[in-house]
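Worksheet: the structure to be examined is printed underneath.
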2 protein chains.
Amino acid sequence: MTLRDVAKTLGVSHTTVSNAYNRPQKLSDQLRQRILDTARELGYPGPDPLAAGLARRQVGALGVLFDEDLAYALTDPAALLFLQGVAGAGRSSALGLSLLPAPRSDEDAALTEEAVRTALVDGFVVYSVRGDHPGLLAARRRGIPLIVVDEPEPAGPGDGMFLGVDDHGGAYAAARHLTGLGHRRIGILVDRFTPGDRHGAAGPERQAAASYQVARQRLAGYLAGLADAGIPAGSVPVWECGGGTPEHAGAATQELLADGVTGILAMTDELARGVLHTAAGLRVDVPGELSVVGFDDIPEAARTQPPLTTVRQPLRDKGVLAVELLTRPGTQAPPRLPTHLIVRGTTGPQPASPS
Amino acid sequence: MTLRDVAKTLGVSHTTVSNAYNRPQKLSDQLRQRILDTARELGYPGPDPLAAGLARRQVGALGVLFDEDLAYALTDPAALLFLQGVAGAGRSSALGLSLLPAPRSDEDAALTEEAVRTALVDGFVVYSVRGDHPGLLAARRRGIPLIVVDEPEPAGPGDGMFLGVDDHGGAYAAARHLTGLGHRRIGILVDRFTPGDRHGAAGPERQAAASYQVARQRLAGYLAGLADAGIPAGSVPVWECGGGTPEHAGAATQELLADGVTGILAMTDELARGVLHTAAGLRVDVPGELSVVGFDDIPEAARTQPPLTTVRQPLRDKGVLAVELLTRPGTQAPPRLPTHLIVRGTTGPQPASPS
DNA sequence: CACCTCCAGTTTACCGGTAAACTCGGCGTG
DNA sequence: CACGCCGAGTTTACCGGTAAACTGGAGGTG
């Protein structure tokens with residue numbers, strides 16, 4: 001049952017049937033109704049989107065690529081919020097969203113490439129993936145509009161558009177906030193520097209090996225802030241928390257506390273939540289004995305006990321903007337979106353005497 | 001730059017180029033390599049997925065339809081878990097996922113229909129939408145494989161496959177659990193009976209008007225369990241909590257407590273979380289003064305304080321199974337998947353003297 | 001040595017639409 | 001009354017592939 005069958009039944013040209021669906025004003029209402037009715041009787045489901053897309057050279061959908069396995073990405077509040085922005089923006093243009101599987105293991109890389117190569121989309125939104133992500137490379141090869149969000153920053157003009165936030169500035173502000181409160185011994189919690197679930201103390205060589213740019217930027221911002229307060233980068237304990245779930249942050253927190261830390265700069269709110277949870281378990285008072293700063297300002301951050309001091313970035317807006325950049329030709333990407341320190345209840349003055 | 005251009009450049013037939021990409025064994029490795037190399041030099045991005053899909057009559061993607069606005073669905077833990085299952089199952093078959101916008105308002109219904117009509121997918125997964133959802137109707141018209149999860153149950157054989165869980169049985173078990181502990185005055189919390197954010201006490205007529213089948217089933221299960229313990233349905237306070245966020249559950253909880261209730265059956269874990277939060281704020285001891293049972297067993301349920309007694313349903317498996325049913329022809333849909341009462345820390349014996 | 005088989009490609013026939021250019025009768029206008 | 005224009009359809013030319021059937025030469029077989 002195709003468009004031409006319907007046309008034949010009615011004795012009109014197939015174009016007229018096509019117009020009945022897509023351009024009502026190109027034929028009389030009467031004929032149009034007759035066509036639509038016959039189509040229904042015949043069980044014709046309407047123009048095949050695939051064929052229409054081919055002829056029209058566009059499909060009305062965007063592909064979204066995550067660094068992680070999809071199931072994992074959907075548990076990350078920040079990624080989710082971003083996705084909500086994308087969905088909201090796409091909605092107003094009746095754009096579909098194709099979530100693309102991302103590689104967990106190396107064997108899966110082939111699957112990802114395949115999926116990206118064959119994805120039926122008009123453009124790609126690449127959300128915070130590492131630079132050598134197989135999906136990213138495959139997406140670039142597609143030669144369709146592409147916007148990279150957060151990282152990796154494009155190396156050349158052929159790499160597509162870019163949208164990022166001021167990670168460095170936000171981290172810097174967070175660090176200055178703590179030093180301004182008198183803290184001198186401050187630890188840094190990182191979700192991950194490289195793919196994988198590695199966790200433990202991360203010395204300078206490990207820090208230098210970081211392949212995730214956002215992690216690099218935030219770390220650099222923290223260290224710059226501390227350095228400006230006279231705290232040398234080499235003396236700052238940095239812990240990597242394999243993957244960044246709150247659970248992983250617990251162990252690191254204990255080590256840092258044992259190390260005499262009075263402030264913790266957590267690179268994500270999820271990590272900060274883990275810190276708070278662990279501190280509560282250890283009966284360490286926040287912010288009396290320990291100050292904590294997160295990053296992202298996910299909705300949950302306002303609901304922790306006490307509410308989390310954090311660095312806000314416009315997660316949802318980032319999603320909206322990414323879609324606009326992708327779909328409205330000529331739109332200019334702004335410089336990095338601003339971040340803001342949001343002071344809530346988890347930061348306070350340096351305790352009088354070292355714990 | 002098309003497949004034929006590449007073929008012309010090399011002096012081979014276009015089919016051979018196509019084979020170089022899709023059926024390596026149909027030509028010599030040498031020629032294949034030569035083709036792939038030239039293609040790269042020419043900047044040919046590989047076979048157009050749209051054209052390939054048209055010729056092959058399949059696209060390698062599934063559409064997922066939610067009842068709510070997409071952004072909203074992504075905040076619902078149960079929906080998310082289901083989606084993770086779908087994503088995981090799709091992943092192994094290199095299936096893309098198309099999230100389809102759903103209507104928030106009536107004006108958006110047209111958008112939804114359009115999106116569903118033009119979605120480039122091989123099948124639809126319809127997750128718990130009301131029976132007259134415009135997207136559902138549009139999806140059925142597409143004439144491609146379709147599976148409805150949770151609701152609405154198909155009325156006829158042309159309505160596609162169905163996958164549900166034993167909501168009634170789970171709810172019944174939850175009610176019996178409370179009555180078994182001696183509770184007599186028990187309130188029921190419902191997320192919603194009909195689309196919209198209505199909240200407040202829901203009398204019999206409102207209950208009868210419920211358009212969401214899952215809500216109906218669970219309510220019926222609760223009431224049956226209570227009835228079997230000699231508690232007449234008419235005497236049970238039922239509250240609707242517009243949309244089902246934990247916040248909305250708070251007000252209802254206060255009313256129920258004032259009403260002398262010692263047990264609350266919450267239709268979702270999200271609602272139960274709201275109850276616990278409110279009870280804590282009111283310094284009502286759980287389970288000493290108030291027992292609470294949730295439904296779904298989202299991961300968060302095990303982490304509440306105290307851990308939530310709830311009814312488990314296999315959310316993630318439901319997603320996996322839905323995809324399998326859709327993609328493996330001949331697979332038989334099981335009867336409703338089982339639910340299990342998981343007793344944790346929020347339920348205890350009826351307090352000795354009425355509060 | 002004639003014949004069958006198999007490999008490596010080629011020919012041909014779609015897949016199901018969209019869009020630009022063209023036709024044709026009726027109507028308002030100078 | 002001739003002319004240009006407009007609305008309502010039609011003609012024609014793609015869109016960019018895939019797959020089944022076919023060809024021709026090399027190698028194996030009896």
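Ordered as shown in the structure tokens, chains take letters A, B, and onward, while each chain numbers its residues from 1 and ligands are numbered from 1 in the order shown.
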Select, as a CSV table (one decimal) with N, CA and C atoms, in the first residue's frame, those residues of chain B with any atom no more than 9 Å from chain C (distances computed using only C-alpha atoms (C1' of nucleotides)).
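Okay, selection.csv is ready:
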```csv
chain,number,residue,atom,x,y,z
B,12,VAL,N,34.2,0.7,-11.1
B,12,VAL,CA,33.4,-0.5,-10.7
B,12,VAL,C,32.0,-0.2,-10.7
B,13,SER,N,31.2,-1.2,-10.4
B,13,SER,CA,29.7,-1.0,-10.4
B,13,SER,C,29.4,-0.5,-8.9
B,15,THR,N,27.1,-1.3,-7.1
B,15,THR,CA,26.8,-2.4,-6.1
B,15,THR,C,28.0,-2.9,-5.4
B,16,THR,N,29.1,-2.9,-6.2
B,16,THR,CA,30.3,-3.4,-5.6
B,16,THR,C,30.8,-2.5,-4.4
B,26,LYS,N,31.8,-10.5,-0.2
B,26,LYS,CA,31.4,-10.6,-1.6
B,26,LYS,C,32.4,-10.1,-2.6
B,27,LEU,N,33.5,-9.6,-2.1
B,27,LEU,CA,34.5,-9.1,-3.0
B,27,LEU,C,35.9,-9.3,-2.4
B,28,SER,N,36.9,-9.2,-3.2
B,28,SER,CA,38.2,-9.5,-2.7
B,28,SER,C,38.7,-8.4,-1.7
B,51,ALA,N,18.8,6.3,2.8
B,51,ALA,CA,18.6,5.5,1.5
B,51,ALA,C,18.7,4.0,1.8
B,53,GLY,N,18.1,2.5,4.6
B,53,GLY,CA,16.9,2.1,5.3
B,53,GLY,C,15.7,1.9,4.4
B,54,LEU,N,15.6,2.8,3.5
B,54,LEU,CA,14.4,2.7,2.5
B,54,LEU,C,14.5,1.4,1.7
B,55,ALA,N,15.7,1.2,1.2
B,55,ALA,CA,15.9,0.0,0.4
B,55,ALA,C,15.7,-1.3,1.2
B,56,ARG,N,16.2,-1.2,2.4
B,56,ARG,CA,16.2,-2.4,3.3
B,56,ARG,C,14.9,-2.6,4.1
B,57,ARG,N,14.1,-1.6,4.1
B,57,ARG,CA,12.9,-1.6,4.8
B,57,ARG,C,13.0,-1.8,6.3
```
- Message: Near chain D, meaning an atom within 12 Å, which residues of chain B appear when counting only C-alpha atoms (C1' of nucleotides)? Write them as a ChimeraX atom specification.
- Response: /B:1-5,14-19,21-23,46-58
- Output the contact residues of chain A with respect to chain B at a cut-off of 6 Å, based on only C-alpha atoms, as a list of chain:residue names. A:Pro45, A:Pro49, A:Leu50, A:Leu54, A:Ala71, A:Gln84, A:Arg91, A:Ala94, A:Gly96, A:Leu97, A:Ser98, A:Leu99, A:Leu100, A:Pro101, A:Thr118, A:Arg141, A:Arg142
- Task: Write down as a PyMOL selection string the residues belonging to segment 6-184 of chain B that are assigned helix (DSSP H, G or I) by DSSP computed on the backbone.
- Result: chain B and resi 6-10+14-22+24-26+29-42+49-56+70-73+77-92+107-118+134-142+157-159+167-180
Go ahead and save the picked residues with C-alpha atoms, as a short mmCIF file (atom, residue, chain, number, x, y, z; two decimals), in the first residue's frame.
```
data_model
loop_
_atom_site.label_atom_id
_atom_site.label_comp_id
_atom_site.auth_asym_id
_atom_site.auth_seq_id
_atom_site.Cartn_x
_atom_site.Cartn_y
_atom_site.Cartn_z
CA VAL B 6 32.83 6.48 -5.85
CA ALA B 7 32.05 3.62 -8.19
CA LYS B 8 32.59 5.80 -11.24
CA THR B 9 35.92 7.02 -9.98
CA LEU B 10 37.11 3.48 -9.59
CA HIS B 14 27.93 0.85 -7.58
CA THR B 15 26.78 -2.43 -6.14
CA THR B 16 30.35 -3.40 -5.55
CA VAL B 17 30.90 -0.26 -3.55
CA SER B 18 27.79 -1.01 -1.55
CA ASN B 19 29.10 -4.49 -0.92
CA ALA B 20 32.42 -3.12 0.21
CA TYR B 21 30.55 -1.56 3.12
CA ASN B 22 27.96 -4.17 3.85
CA PRO B 24 32.92 -7.76 2.76
CA GLN B 25 32.94 -11.39 1.75
CA LYS B 26 31.36 -10.65 -1.58
CA ASP B 29 39.88 -7.86 0.23
CA GLN B 30 42.15 -6.03 -2.12
CA LEU B 31 39.39 -4.34 -4.09
CA ARG B 32 37.49 -3.66 -0.90
CA GLN B 33 40.40 -1.84 0.58
CA ARG B 34 40.89 0.13 -2.59
CA ILE B 35 37.27 1.17 -2.53
CA LEU B 36 37.32 2.18 1.11
CA ASP B 37 40.48 4.17 0.59
CA THR B 38 39.18 6.04 -2.43
CA ALA B 39 35.95 6.70 -0.63
CA ARG B 40 37.84 8.30 2.19
CA GLU B 41 39.94 10.39 -0.17
CA LEU B 42 36.83 11.56 -1.93
CA PRO B 49 21.42 5.54 6.28
CA LEU B 50 18.20 6.99 4.99
CA ALA B 51 18.56 5.51 1.55
CA ALA B 52 19.80 2.26 2.98
CA GLY B 53 16.88 2.13 5.32
CA LEU B 54 14.44 2.72 2.52
CA ALA B 55 15.89 -0.01 0.37
CA ARG B 56 16.22 -2.41 3.27
CA LEU B 70 9.83 14.01 28.03
CA ALA B 71 11.57 16.25 30.50
CA TYR B 72 9.13 15.07 33.11
CA ALA B 73 9.48 11.41 32.28
CA PRO B 77 12.84 7.11 38.67
CA ALA B 78 10.58 4.26 37.64
CA ALA B 79 10.36 5.46 34.05
CA LEU B 80 14.08 5.96 34.01
CA LEU B 81 14.78 2.48 35.22
CA PHE B 82 12.50 1.10 32.58
CA LEU B 83 14.26 3.16 29.97
CA GLN B 84 17.57 1.83 31.14
CA GLY B 85 16.32 -1.67 30.53
CA VAL B 86 15.18 -0.70 27.07
CA ALA B 87 18.49 0.93 26.34
CA GLY B 88 20.43 -2.05 27.56
CA ALA B 89 18.45 -4.50 25.49
CA GLY B 90 18.58 -2.29 22.44
CA ARG B 91 22.26 -1.85 22.82
CA SER B 92 23.03 -5.50 22.26
CA GLU B 107 -2.15 22.04 21.50
CA ASP B 108 0.92 19.88 21.71
CA ALA B 109 -1.04 16.84 20.72
CA ALA B 110 -0.66 17.73 17.07
CA LEU B 111 3.07 17.93 17.51
CA THR B 112 3.11 14.52 19.07
CA GLU B 113 1.07 12.97 16.33
CA GLU B 114 3.34 14.48 13.77
CA ALA B 115 6.42 13.22 15.57
CA VAL B 116 5.03 9.72 15.87
CA ARG B 117 3.88 9.66 12.27
CA THR B 118 7.29 10.65 11.04
CA PRO B 134 -2.75 10.92 20.78
CA GLY B 135 0.67 9.42 20.33
CA LEU B 136 -0.61 5.94 20.99
CA LEU B 137 -3.30 6.27 18.39
CA ALA B 138 -0.83 7.63 15.89
CA ALA B 139 1.59 4.84 16.64
CA ARG B 140 -1.06 2.19 16.04
CA ARG B 141 -1.86 3.78 12.71
CA ARG B 142 1.74 3.36 11.65
CA PRO B 157 -5.91 -8.04 18.57
CA GLY B 158 -4.96 -5.17 16.31
CA ASP B 159 -3.78 -3.12 19.23
CA ASP B 167 -0.30 -4.47 40.15
CA HIS B 168 -3.41 -5.79 41.80
CA GLY B 169 -1.60 -8.64 43.50
CA GLY B 170 1.21 -6.42 44.73
CA ALA B 171 -1.17 -3.89 46.14
CA TYR B 172 -3.21 -6.60 47.77
CA ALA B 173 -0.11 -7.99 49.47
CA ALA B 174 0.85 -4.53 50.71
CA ALA B 175 -2.58 -4.02 52.24
CA ARG B 176 -2.58 -7.43 53.87
CA HIS B 177 0.84 -6.71 55.30
CA LEU B 178 -0.47 -3.66 57.11
CA THR B 179 -3.65 -5.31 58.30
CA GLY B 180 -1.59 -8.27 59.41
#
```
- Which of segment 34-279 of chain B DSSP labels strand (DSSP E), written as an MDAnalysis selection string: chainID B and resid 61:66 96:100 123:127 146:149 161:163 186:190 199:201 238:241 263:266
- atom CA of His183 of chain A sits from atom CA of Ala227 of chain A at a separation of 12.8 Å
